Every structure is written in structure tokens, then in C-alpha cells.
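run_19.pdb (PDB, C-alpha atoms)
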ATOM      1  CA  MET A   1       0.000   0.000   0.000
ATOM      2  CA  LYS A   2       1.394   3.345  -0.974
ATOM      3  CA  HIS A   3       2.064   5.806   1.794
ATOM      4  CA  SER A   4       0.758   9.329   1.397
ATOM      5  CA  THR A   5       0.733  12.021   4.021
ATOM      6  CA  PRO A   6      -1.579  14.868   3.113
ATOM      7  CA  HIS A   7      -0.389  18.289   4.188
ATOM      8  CA  SER A   8      -1.717  21.465   2.753
ATOM      9  CA  ASP A   9      -1.342  20.248  -0.836
ATOM     10  CA  PRO A  10      -4.901  19.986  -2.274
ATOM     11  CA  PHE A  11      -3.812  17.240  -4.659
ATOM     12  CA  LEU A  12      -2.514  15.083  -1.822
ATOM     13  CA  GLN A  13      -5.586  15.871   0.242
ATOM     14  CA  ASP A  14      -7.841  14.744  -2.606
ATOM     15  CA  ARG A  15      -5.831  11.592  -3.066
ATOM     16  CA  TYR A  16      -6.011  10.751   0.594
ATOM     17  CA  GLY A  17      -9.717  11.518   0.725
ATOM     18  CA  ARG A  18     -10.386   9.205  -2.205
ATOM     19  CA  ALA A  19      -8.277   6.468  -0.643
ATOM     20  CA  VAL A  20     -10.386   6.658   2.520
ATOM     21  CA  ALA A  21     -13.564   6.718   0.431
ATOM     22  CA  ALA A  22     -12.438   3.595  -1.449
ATOM     23  CA  ARG A  23     -12.141   1.762   1.876
ATOM     24  CA  LEU A  24     -15.574   2.980   2.913
ATOM     25  CA  SER A  25     -17.027   1.692  -0.356
ATOM     26  CA  GLU A  26     -15.769  -1.781   0.522
ATOM     27  CA  ALA A  27     -17.840  -1.632   3.691
ATOM     28  CA  ALA A  28     -20.892  -0.343   1.846
ATOM     29  CA  ASP A  29     -20.658  -3.079  -0.784
ATOM     30  CA  THR A  30     -20.679  -5.815   1.819
ATOM     31  CA  LEU A  31     -23.675  -4.861   3.897
ATOM     32  CA  PRO A  32     -25.442  -7.651   5.792
ATOM     33  CA  TYR A  33     -28.226  -9.440   3.957
ATOM     34  CA  ASP A  34     -31.070  -8.111   6.123
ATOM     35  CA  ILE A  35     -29.934  -4.501   5.696
ATOM     36  CA  SER A  36     -29.634  -4.946   1.913
ATOM     37  CA  GLU A  37     -33.108  -6.466   1.786
ATOM     38  CA  ARG A  38     -34.618  -3.641   3.787
ATOM     39  CA  LEU A  39     -32.963  -1.120   1.526
ATOM     40  CA  ARG A  40     -34.356  -2.979  -1.473
ATOM     41  CA  ALA A  41     -37.828  -2.927   0.094
ATOM     42  CA  ALA A  42     -37.513   0.814   0.724
ATOM     43  CA  ARG A  43     -36.513   1.327  -2.904
ATOM     44  CA  GLU A  44     -39.475  -0.733  -4.123
ATOM     45  CA  GLN A  45     -41.807   1.305  -1.952
ATOM     46  CA  ALA A  46     -40.446   4.526  -3.424
ATOM     47  CA  LEU A  47     -40.887   3.156  -6.949
ATOM     48  CA  ASP A  48     -44.476   2.135  -6.133
ATOM     49  CA  LEU A  49     -45.097   5.724  -5.112
ATOM     50  CA  HIS A  50     -43.605   6.867  -8.412
ATOM     51  CA  ARG A  51     -45.940   4.508 -10.295
ATOM     52  CA  SER A  52     -48.948   5.731  -8.336
ATOM     53  CA  PHE A  53     -48.272   9.295  -9.499
ATOM     54  CA  LYS A  54     -48.603   8.391 -13.178
ATOM     55  CA  PRO A  55     -52.337   7.434 -13.279
ATOM     56  CA  ALA A  56     -53.101  10.492 -11.149
ATOM     57  CA  GLU A  57     -51.376  12.724 -13.683
ATOM     58  CA  GLN A  58     -53.301  11.086 -16.529
ATOM     59  CA  ALA A  59     -56.606  11.584 -14.702
ATOM     60  CA  ASN A  60     -55.669  15.199 -14.183
ATOM     61  CA  VAL A  61     -55.118  15.658 -17.922
ATOM     62  CA  ILE A  62     -58.498  14.052 -18.695
ATOM     63  CA  ALA A  63     -60.243  16.273 -16.171
ATOM     64  CA  GLN A  64     -58.562  19.339 -17.623
ATOM     65  CA  GLY A  65     -59.675  18.269 -21.127
ATOM     66  CA  GLY A  66     -63.280  18.009 -19.953
ATOM     67  CA  ALA A  67     -63.157  21.402 -18.350
ATOM     68  CA  ALA A  68     -61.642  22.867 -21.507
ATOM     69  CA  SER A  69     -64.497  21.496 -23.629
ATOM     70  CA  LEU A  70     -67.090  22.862 -21.188
ATOM     71  CA  SER A  71     -65.499  26.269 -21.219
ATOM     72  CA  LEU A  72     -65.437  26.351 -25.015
ATOM     73  CA  GLY A  73     -61.752  25.550 -25.144
ATOM     74  CA  GLY A  74     -60.818  28.794 -23.469
ATOM     75  CA  GLY A  75     -57.281  28.036 -22.251
ATOM     76  CA  ASP A  76     -57.115  27.709 -18.480
ATOM     77  CA  GLY A  77     -60.698  29.029 -18.261
ATOM     78  CA  GLY A  78     -60.007  31.737 -15.685
ATOM     79  CA  LEU A  79     -61.704  34.653 -17.521
ATOM     80  CA  TRP A  80     -64.332  32.445 -19.115
ATOM     81  CA  HIS A  81     -65.256  30.920 -15.792
ATOM     82  CA  ARG A  82     -65.724  34.377 -14.273
ATOM     83  CA  LEU A  83     -67.845  35.501 -17.241
ATOM     84  CA  ALA A  84     -69.871  32.304 -17.141
ATOM     85  CA  GLY A  85     -70.590  32.954 -13.482
ATOM     86  CA  LEU A  86     -72.104  36.369 -14.375
ATOM     87  CA  VAL A  87     -74.522  34.992 -16.995
ATOM     88  CA  PRO A  88     -77.248  33.777 -14.573
ATOM     89  CA  LEU A  89     -77.137  37.085 -12.729
ATOM     90  CA  LEU A  90     -77.532  39.052 -15.984
ATOM     91  CA  LEU A  91     -80.417  36.788 -17.039
ATOM     92  CA  LEU A  92     -82.163  37.382 -13.704
ATOM     93  CA  ILE A  93     -81.861  41.189 -14.015
ATOM     94  CA  ALA A  94     -83.095  41.103 -17.634
ATOM     95  CA  GLY A  95     -86.068  38.954 -16.572
ATOM     96  CA  LEU A  96     -87.061  41.357 -13.766
ATOM     97  CA  ILE A  97     -86.903  44.339 -16.153
ATOM     98  CA  ALA A  98     -89.031  42.475 -18.706
ATOM     99  CA  VAL A  99     -91.632  41.564 -16.057
ATOM    100  CA  ASN A 100     -91.776  45.182 -14.885
ATOM    101  CA  LEU A 101     -92.239  46.483 -18.445
ATOM    102  CA  LEU A 102     -94.981  43.940 -19.184
ATOM    103  CA  ASP A 103     -96.741  44.818 -15.917
ATOM    104  CA  ASP A 104     -96.755  48.530 -16.863
ATOM    105  CA  GLU A 105     -98.047  47.635 -20.289
ATOM    106  CA  PHE A 106    -100.939  45.580 -18.894
ATOM    107  CA  LEU A 107    -101.841  48.347 -16.415
ATOM    108  CA  ALA A 108    -101.871  50.924 -19.232
ATOM    109  CA  GLN A 109    -104.051  48.643 -21.352
ATOM    110  CA  ASP A 110    -106.546  48.181 -18.497
ATOM    111  CA  LEU A 111    -106.763  51.943 -17.928
ATOM    112  CA  ALA A 112    -107.177  52.519 -21.664
ATOM    113  CA  GLU A 113    -110.020  50.003 -21.791
ATOM    114  CA  ILE A 114    -111.804  51.734 -18.864
ATOM    115  CA  ASP A 115    -111.312  55.111 -20.477
ATOM    116  CA  ALA A 116    -112.583  53.794 -23.786
ATOM    117  CA  ALA A 117    -115.642  52.251 -22.117
ATOM    118  CA  ILE A 118    -116.486  55.501 -20.334
ATOM    119  CA  LEU A 119    -115.943  57.622 -23.410
ATOM    120  CA  THR A 120    -117.951  55.368 -25.718
ATOM    121  CA  ASP A 121    -120.868  54.949 -23.278
ATOM    122  CA  ASP A 122    -124.174  56.830 -23.916
ATOM    123  CA  LEU A 123    -123.887  58.431 -20.502
ATOM    124  CA  PRO A 124    -121.573  61.455 -20.570
ATOM    125  CA  PRO A 125    -118.602  61.279 -18.075
ATOM    126  CA  ALA A 126    -119.807  64.555 -16.490
ATOM    127  CA  ALA A 127    -122.891  62.700 -15.169
ATOM    128  CA  TYR A 128    -120.708  60.891 -12.604
ATOM    129  CA  THR A 129    -119.884  64.275 -11.013
ATOM    130  CA  ASP A 130    -123.592  65.058 -10.494
ATOM    131  CA  PRO A 131    -124.589  64.259  -6.819
ATOM    132  CA  GLY A 132    -128.174  63.561  -7.855
ATOM    133  CA  PHE A 133    -127.145  60.969 -10.417
ATOM    134  CA  VAL A 134    -124.832  59.294  -7.872
ATOM    135  CA  GLN A 135    -127.740  59.138  -5.409
ATOM    136  CA  PHE A 136    -129.920  57.638  -8.174
ATOM    137  CA  LEU A 137    -127.312  54.899  -8.820
ATOM    138  CA  LYS A 138    -127.074  54.047  -5.095
ATOM    139  CA  SER A 139    -130.838  53.750  -4.617
ATOM    140  CA  ARG A 140    -131.076  51.586  -7.749
ATOM    141  CA  LEU A 141    -128.343  49.310  -6.461
ATOM    142  CA  GLU A 142    -130.190  48.927  -3.118
ATOM    143  CA  GLN A 143    -133.402  48.023  -4.918
ATOM    144  CA  ASN A 144    -131.637  45.350  -6.957
ATOM    145  CA  GLN A 145    -130.179  43.794  -3.808
TER     146      GLN A 145
ATOM    147  CA  MET B   1     -38.148  13.307 -16.593
ATOM    148  CA  ALA B   2     -36.457  10.242 -15.099
ATOM    149  CA  SER B   3     -38.032   6.969 -16.193
ATOM    150  CA  GLU B   4     -38.899   4.314 -13.649
ATOM    151  CA  ARG B   5     -35.885   2.296 -14.749
ATOM    152  CA  GLU B   6     -33.525   5.257 -14.370
ATOM    153  CA  LEU B   7     -34.968   6.075 -10.987
ATOM    154  CA  SER B   8     -34.609   2.480  -9.855
ATOM    155  CA  ASP B   9     -30.992   2.307 -11.057
ATOM    156  CA  PHE B  10     -30.187   5.585  -9.365
ATOM    157  CA  LEU B  11     -31.661   4.542  -6.025
ATOM    158  CA  LYS B  12     -29.908   1.198  -6.254
ATOM    159  CA  SER B  13     -26.586   2.915  -6.871
ATOM    160  CA  VAL B  14     -26.850   5.225  -3.850
ATOM    161  CA  GLU B  15     -28.820   3.287  -1.254
ATOM    162  CA  LYS B  16     -25.918   1.465   0.401
ATOM    163  CA  ARG B  17     -23.671   4.493   0.640
ATOM    164  CA  ALA B  18     -26.618   6.543   1.869
ATOM    165  CA  PHE B  19     -27.245   3.976   4.580
ATOM    166  CA  LYS B  20     -23.620   3.939   5.722
ATOM    167  CA  ARG B  21     -23.467   7.710   5.649
ATOM    168  CA  SER B  22     -26.531   7.914   7.850
ATOM    169  CA  VAL B  23     -25.055   5.330  10.209
ATOM    170  CA  TYR B  24     -21.897   7.430  10.556
ATOM    171  CA  HIS B  25     -24.093  10.352  11.564
ATOM    172  CA  VAL B  26     -26.771   8.809  13.757
ATOM    173  CA  ARG B  27     -24.908   5.647  14.889
ATOM    174  CA  ASN B  28     -28.081   3.599  14.737
ATOM    175  CA  ASP B  29     -28.973   1.097  12.001
ATOM    176  CA  GLU B  30     -32.740   1.361  12.428
ATOM    177  CA  ALA B  31     -32.682   5.150  12.362
ATOM    178  CA  ALA B  32     -30.361   5.127   9.357
ATOM    179  CA  LEU B  33     -32.742   2.824   7.460
ATOM    180  CA  ASP B  34     -35.658   5.116   8.272
ATOM    181  CA  ILE B  35     -33.705   8.144   7.098
ATOM    182  CA  VAL B  36     -32.756   6.491   3.799
ATOM    183  CA  GLN B  37     -36.339   5.362   3.218
ATOM    184  CA  ASP B  38     -37.705   8.837   3.979
ATOM    185  CA  SER B  39     -35.157  10.349   1.616
ATOM    186  CA  MET B  40     -36.108   7.966  -1.185
ATOM    187  CA  MET B  41     -39.817   8.696  -0.741
ATOM    188  CA  LYS B  42     -39.262  12.441  -0.684
ATOM    189  CA  LEU B  43     -37.066  12.313  -3.757
ATOM    190  CA  VAL B  44     -39.701  10.387  -5.702
ATOM    191  CA  GLU B  45     -42.595  12.427  -4.365
ATOM    192  CA  HIS B  46     -41.141  15.872  -5.000
ATOM    193  CA  TYR B  47     -38.484  15.380  -7.666
ATOM    194  CA  GLY B  48     -39.543  12.227  -9.527
ATOM    195  CA  HIS B  49     -40.226  14.373 -12.586
ATOM    196  CA  LYS B  50     -36.686  15.821 -12.679
ATOM    197  CA  PRO B  51     -34.048  14.655 -15.180
ATOM    198  CA  VAL B  52     -31.874  11.840 -13.887
ATOM    199  CA  GLU B  53     -28.743  14.049 -13.959
ATOM    200  CA  GLU B  54     -30.178  16.264 -11.232
ATOM    201  CA  LEU B  55     -31.062  13.421  -8.893
ATOM    202  CA  PRO B  56     -27.675  12.837  -7.174
ATOM    203  CA  MET B  57     -27.375  16.331  -5.765
ATOM    204  CA  LEU B  58     -31.068  16.489  -4.856
ATOM    205  CA  PHE B  59     -30.828  13.161  -3.083
ATOM    206  CA  GLN B  60     -27.759  14.223  -1.100
ATOM    207  CA  ARG B  61     -29.541  17.348   0.025
ATOM    208  CA  ILE B  62     -32.681  15.446   1.000
ATOM    209  CA  LEU B  63     -30.590  12.895   2.882
ATOM    210  CA  SER B  64     -28.819  15.653   4.801
ATOM    211  CA  ASN B  65     -32.133  17.316   5.649
ATOM    212  CA  CYS B  66     -33.690  14.029   6.758
ATOM    213  CA  THR B  67     -30.681  13.384   8.986
ATOM    214  CA  LEU B  68     -31.000  16.850  10.501
ATOM    215  CA  ASP B  69     -34.720  16.264  11.022
ATOM    216  CA  TRP B  70     -33.904  13.036  12.844
ATOM    217  CA  PHE B  71     -31.525  14.876  15.183
ATOM    218  CA  ARG B  72     -34.163  17.555  15.804
ATOM    219  CA  ARG B  73     -36.766  14.907  16.602
ATOM    220  CA  GLN B  74     -34.316  13.185  18.939
ATOM    221  CA  LYS B  75     -33.627  16.464  20.689
ATOM    222  CA  THR B  76     -37.334  17.144  21.160
ATOM    223  CA  ARG B  77     -37.995  13.600  22.258
ATOM    224  CA  ASN B  78     -35.147  13.650  24.757
ATOM    225  CA  ALA B  79     -36.398  16.941  26.142
ATOM    226  CA  LEU B  80     -39.946  15.585  26.493
ATOM    227  CA  PHE B  81     -39.061  12.185  27.882
ATOM    228  CA  SER B  82     -35.968  12.977  29.878
ATOM    229  CA  ASN B  83     -36.922  10.348  32.476
ATOM    230  CA  LEU B  84     -36.447   7.657  29.822
ATOM    231  CA  SER B  85     -33.147   9.013  28.593
ATOM    232  CA  ASP B  86     -31.034   6.418  30.400
ATOM    233  CA  PHE B  87     -32.919   3.581  28.779
ATOM    234  CA  GLU B  88     -32.696   5.203  25.311
ATOM    235  CA  THR B  89     -28.984   5.795  25.646
ATOM    236  CA  ASP B  90     -28.424   2.141  26.452
ATOM    237  CA  GLU B  91     -30.394   1.177  23.395
ATOM    238  CA  LEU B  92     -28.340   3.418  21.136
ATOM    239  CA  ASP B  93     -25.102   2.055  22.517
ATOM    240  CA  GLY B  94     -26.352  -1.464  21.918
ATOM    241  CA  ASP B  95     -27.048  -0.740  18.266
ATOM    242  CA  PHE B  96     -23.712   0.900  17.842
ATOM    243  CA  ASP B  97     -21.966  -2.181  19.188
ATOM    244  CA  LEU B  98     -23.958  -4.278  16.762
ATOM    245  CA  LEU B  99     -22.813  -2.133  13.866
ATOM    246  CA  GLU B 100     -19.225  -2.573  14.930
ATOM    247  CA  ALA B 101     -19.742  -6.308  15.107
ATOM    248  CA  LEU B 102     -21.283  -6.316  11.627
ATOM    249  CA  ASP B 103     -18.359  -4.428  10.221
ATOM    250  CA  THR B 104     -15.827  -6.823  11.643
ATOM    251  CA  SER B 105     -17.819  -9.870  10.545
ATOM    252  CA  GLU B 106     -17.617  -9.013   6.830
ATOM    253  CA  GLY B 107     -15.293 -10.680   4.334
ATOM    254  CA  THR B 108     -16.538 -14.051   3.209
ATOM    255  CA  THR B 109     -14.199 -14.205   0.231
ATOM    256  CA  GLN B 110     -12.396 -17.462   0.582
ATOM    257  CA  THR B 111      -9.479 -16.455  -1.607
ATOM    258  CA  GLU B 112      -8.121 -14.122   1.062
ATOM    259  CA  SER B 113      -6.420 -15.459   4.105
ATOM    260  CA  ALA B 114      -8.047 -15.092   7.494
ATOM    261  CA  GLU B 115      -5.192 -12.865   8.612
ATOM    262  CA  LYS B 116      -5.689 -10.463   5.712
ATOM    263  CA  LEU B 117      -9.427 -10.407   6.186
ATOM    264  CA  THR B 118      -9.005  -9.565   9.839
ATOM    265  CA  GLU B 119      -6.508  -6.841   9.029
ATOM    266  CA  ARG B 120      -8.815  -5.312   6.429
ATOM    267  CA  ALA B 121     -11.749  -5.413   8.796
ATOM    268  CA  GLN B 122      -9.704  -3.760  11.518
ATOM    269  CA  VAL B 123      -8.515  -1.009   9.189
ATOM    270  CA  LEU B 124     -12.034  -0.438   7.980
ATOM    271  CA  HIS B 125     -13.335  -0.376  11.507
ATOM    272  CA  ALA B 126     -10.701   2.162  12.519
ATOM    273  CA  ILE B 127     -11.523   4.356   9.512
ATOM    274  CA  GLU B 128     -15.222   4.244  10.283
ATOM    275  CA  GLN B 129     -14.568   5.117  13.886
ATOM    276  CA  GLU B 130     -12.482   8.110  12.914
ATOM    277  CA  ILE B 131     -15.118   9.197  10.403
ATOM    278  CA  GLN B 132     -17.675   9.134  13.187
ATOM    279  CA  GLU B 133     -15.377  11.183  15.391
ATOM    280  CA  LEU B 134     -15.239  14.033  12.883
ATOM    281  CA  PRO B 135     -17.369  17.124  13.533
ATOM    282  CA  PRO B 136     -20.695  16.764  11.671
ATOM    283  CA  ARG B 137     -20.070  19.434   9.032
ATOM    284  CA  GLN B 138     -16.585  18.156   8.283
ATOM    285  CA  ARG B 139     -17.883  14.600   8.016
ATOM    286  CA  GLU B 140     -20.727  15.717   5.746
ATOM    287  CA  ALA B 141     -18.420  17.660   3.447
ATOM    288  CA  PHE B 142     -15.816  14.888   3.369
ATOM    289  CA  LEU B 143     -18.316  12.136   2.554
ATOM    290  CA  MET B 144     -20.122  14.116  -0.126
ATOM    291  CA  ARG B 145     -16.936  15.325  -1.723
ATOM    292  CA  TYR B 146     -14.934  12.096  -1.779
ATOM    293  CA  TRP B 147     -17.408   9.281  -1.295
ATOM    294  CA  GLU B 148     -20.380  10.590  -3.243
ATOM    295  CA  ASP B 149     -17.910  12.112  -5.696
ATOM    296  CA  LEU B 150     -19.651  15.488  -5.870
ATOM    297  CA  ASP B 151     -17.468  18.415  -6.908
ATOM    298  CA  VAL B 152     -16.892  21.396  -4.611
ATOM    299  CA  ALA B 153     -19.740  23.454  -6.105
ATOM    300  CA  GLU B 154     -22.224  20.579  -5.871
ATOM    301  CA  THR B 155     -21.191  19.809  -2.300
ATOM    302  CA  ALA B 156     -21.600  23.476  -1.385
ATOM    303  CA  ALA B 157     -25.057  23.541  -2.972
ATOM    304  CA  ALA B 158     -26.096  20.337  -1.208
ATOM    305  CA  MET B 159     -24.814  21.582   2.152
ATOM    306  CA  GLY B 160     -26.147  25.094   1.698
ATOM    307  CA  CYS B 161     -22.787  26.767   2.306
ATOM    308  CA  SER B 162     -20.015  28.439   0.298
ATOM    309  CA  GLU B 163     -17.435  26.584  -1.764
ATOM    310  CA  GLY B 164     -14.738  28.029   0.504
ATOM    311  CA  SER B 165     -16.394  26.411   3.523
ATOM    312  CA  VAL B 166     -16.508  23.070   1.738
ATOM    313  CA  LYS B 167     -12.783  23.263   0.965
ATOM    314  CA  THR B 168     -12.017  24.185   4.563
ATOM    315  CA  HIS B 169     -14.202  21.381   5.964
ATOM    316  CA  CYS B 170     -12.659  18.820   3.601
ATOM    317  CA  SER B 171      -9.128  19.956   4.319
ATOM    318  CA  ARG B 172      -9.635  19.772   8.075
ATOM    319  CA  ALA B 173     -11.346  16.404   7.792
ATOM    320  CA  VAL B 174      -8.460  14.959   5.776
ATOM    321  CA  GLN B 175      -5.931  16.385   8.226
ATOM    322  CA  ALA B 176      -7.799  14.964  11.210
ATOM    323  CA  LEU B 177      -8.267  11.548   9.581
ATOM    324  CA  SER B 178      -4.678  11.234   8.431
ATOM    325  CA  LYS B 179      -3.365  12.228  11.840
ATOM    326  CA  ALA B 180      -5.677   9.838  13.716
ATOM    327  CA  LEU B 181      -5.107   6.898  11.373
ATOM    328  CA  LYS B 182      -1.368   7.457  11.354
ATOM    329  CA  ALA B 183      -1.407   7.352  15.148
ATOM    330  CA  LYS B 184      -3.055   3.903  14.867
ATOM    331  CA  GLY B 185      -0.402   2.782  12.419
ATOM    332  CA  ILE B 186      -2.750   2.807   9.430
ATOM    333  CA  ARG B 187      -1.360   4.167   6.183
ATOM    334  CA  LEU B 188      -3.422   4.445   3.036
TER     335      LEU B 188
END

Produce C-alpha cells that represent the structure in this file.
Amino acid sequence: MKHSTPHSDPFLQDRYGRAVAARLSEAADTLPYDISERLRAAREQALDLHRSFKPAEQANVIAQGGAASLSLGGGDGGLWHRLAGLVPLLLLIAGLIAVNLLDDEFLAQDLAEIDAAILTDDLPPAAYTDPGFVQFLKSRLEQNQ
Amino acid sequence: MASERELSDFLKSVEKRAFKRSVYHVRNDEAALDIVQDSMMKLVEHYGHKPVEELPMLFQRILSNCTLDWFRRQKTRNALFSNLSDFETDELDGDFDLLEALDTSEGTTQTESAEKLTERAQVLHAIEQEIQELPPRQREAFLMRYWEDLDVAETAAAMGCSEGSVKTHCSRAVQALSKALKAKGIRL
């Protein structure tokens, strides 16, 4: 065995370090059977974990594909998802406005029909302001009852 | 991305050295096995997608961190269960003795004489003892640099220190080892 005494020379230090490491490798290569087996089991367990990641990644890709088709292929869907979330709210507001407009329309139609009925009747509208005529209508209503 | 085959080959190539390295640090076979297993799982879990060239340095760093975590857990545990510390210390010493016995029981090659085998085992045992006697940072730098064959920059990155510190640690480790082994009459 060659003798080397490392001093401050980096080359000699490296050589000595590697000589020590070579001896350590001998020890590592001849580990007891049970330790080697447990290391092998640990390695297998790690590889199982690696395998388990692969189907998960594939499922992730499939899920992302589905989401992309639902969001009309809009990339990661961030903006589209936000816009899609606003659609029901906009529809609700539009519906309320439409209901309100239709309600006003029906009310106007009803008033127009009453006005038309009064104006087209034989009795002039001014008759309803006459207290005597109002009294006549009341007494006639009581007689009918 | 490293294929399953590449990952398997890589782990196979480092597992034994990783185990011995952990034993030098923690002086306990069971703990060293746990540390190596944790390191393997973390490597696969967090860096399984990395190219195979990046795995050695990542693994060394994970192994160092797992070893540090083990020491932290031990510290906490010892602080919490100080009344059991005597029992735990005995257990650790027992495992350490077992490791020494395992080291000296190696060498089944029949081509070498019994005398040579014994001499080799004794030298190896002395080297391992001196490695364990090194300060932790020096031991870490020495083992990564010369045993794991990382260069100075990679060792510095794995240890989270400067390249200058790595050189200093390695230099001091070599000086200490050469002095101690020379005193035991061992020349490499």
C-alpha cells in the first residue's frame, strides 16, 4: 500500500480523501443481507409511489380536457369561468326588467279600456260628477239587492 | 423526466452508501434505514419528474435534511421524555456495538487469508470510527466530496454553504483523519 501524508497540498488531500472513500465503499458493498433487503424494500416502496403518481397525472389531464371542452376551449378558463358565473345574474336582471315592463303595459291597457268604455258609453262622463245621479245609482243598487 | 428504470438504477446505486453515511451520523442502524427510506420517498414524491442528472445532488440534500430532522426529533424527544433518557442511551449504545460487530464480521471471500481479512476489517473499523469522530459538518463535506464524488460546487449547494467552507471542511477532515489513522499505524 502506498504511503501518502496529506499536508496542505490539495492534490494530496484529494488523493487521501479518495483512498479513505475507497475503503468505505468496501464496507458499503458488503452490507449484511437483512440490511440490503430492507434497503431494497424501501426502494421498491419509493418506486411504487412513483408509479402511483402516473395514473393520477393522466386523470388530471383528462379532467382538464373536460373542463376545456365545457369552457369552449378557453385556455385555463379563468376569464371564461368568471364571465360564465355572471350569466345567470344578468339573465335574472333582464327577466325582472321584462316583467316590470310587461306589468306597466298591462296596467296601461286596463286603464285605456276603462277610459274607452267611459268615453264610448251613452252616458256622458260629467254625469258621474252630479250628486243627484250618484244618489240615483245608489238607490237603484239597493233596490236590486 | 427520469423513467422508472432510471430512478430504480439511481436509487440502487446510492442506497448502500446513503445507509452507511446515515449510520456514521446517527450511529443507529434502524434510524439510518428510516432516514434512507424517507429520503427515497421524498425524492420520488417531489423530484420524480426531474431529469436523472439532477437526482444525485437532490438526493444528497434530502438525505442531509432528513438526517437533521432526525436529530431535531431526537432532541425534542429527549427533552420531552428525559426520564427515559437512560434507557434510550443504552439502546443506542447497543445498536452501535452491533454495527461494529457487523463491520468486523464481513469478508466471506475465501481467496483471502483469514489474517488479511481480519486486518482489512480492523482497518475499515478504525476508519469508520475516525469518520464518526469528525465534527458533523466536516464529516458531511468529506463524505459528499470524496465518497459521493460530488465536486466542490455541488457539495456546497447540497450543504447550503459556500465553496470556501466546503474546501475548509474537507481539508480539516483529511488532516484529522490522516493524523488519527497514522497514530493507529494505518497508512493508506

Point to revise | Interface residues on chain A facing chain B, 10 Å, all atoms listed in the file, written as number ranges by chain | key: A: 1-10, 12-32, 35-36, 38-51, 53

Surrounding residues of B:Met57 excluding itself and chain neighbours under 4 positions, 8 Å, only C-alpha atoms, as a compact mmCIF listing (two decimals) with C-alpha atoms, keeping the file's coordinate frame:
# COMPACT_ATOMS: atom_id res chain seq x y z
CA ARG B 61 -29.54 17.35 0.02
CA LEU B 150 -19.65 15.49 -5.87
CA GLU B 154 -22.22 20.58 -5.87
CA THR B 155 -21.19 19.81 -2.30
CA ALA B 158 -26.10 20.34 -1.21

Review point. Counting only C-alpha atoms, what is within 7 Å of B:Pro51, bar same-chain residues fewer than 3 positions away, as a list in words?
Key: Met1, Ala2 and Glu54 of chain B

Check your understanding: Quick one: residues within 8 Å of B:Val166, all atoms listed in the file counted, chain neighbours fewer than 5 positions away excluded, as a PyMOL selection string?
Key -> chain B and resi 141+152+155-156+161

Point to revise | Pairwise distance for atom CA of B:Ala180 and atom CA of B:Glu130, rounded to one decimal in Å | key: 7.1 Å

Review point. What is the atom CA of B:Thr168-atom CA of B:Gln138 distance in Å, reported with one decimal?
Key: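 Going from atom CA of B:Thr168 over to atom CA of B:Gln138 covers 8.4 Å.
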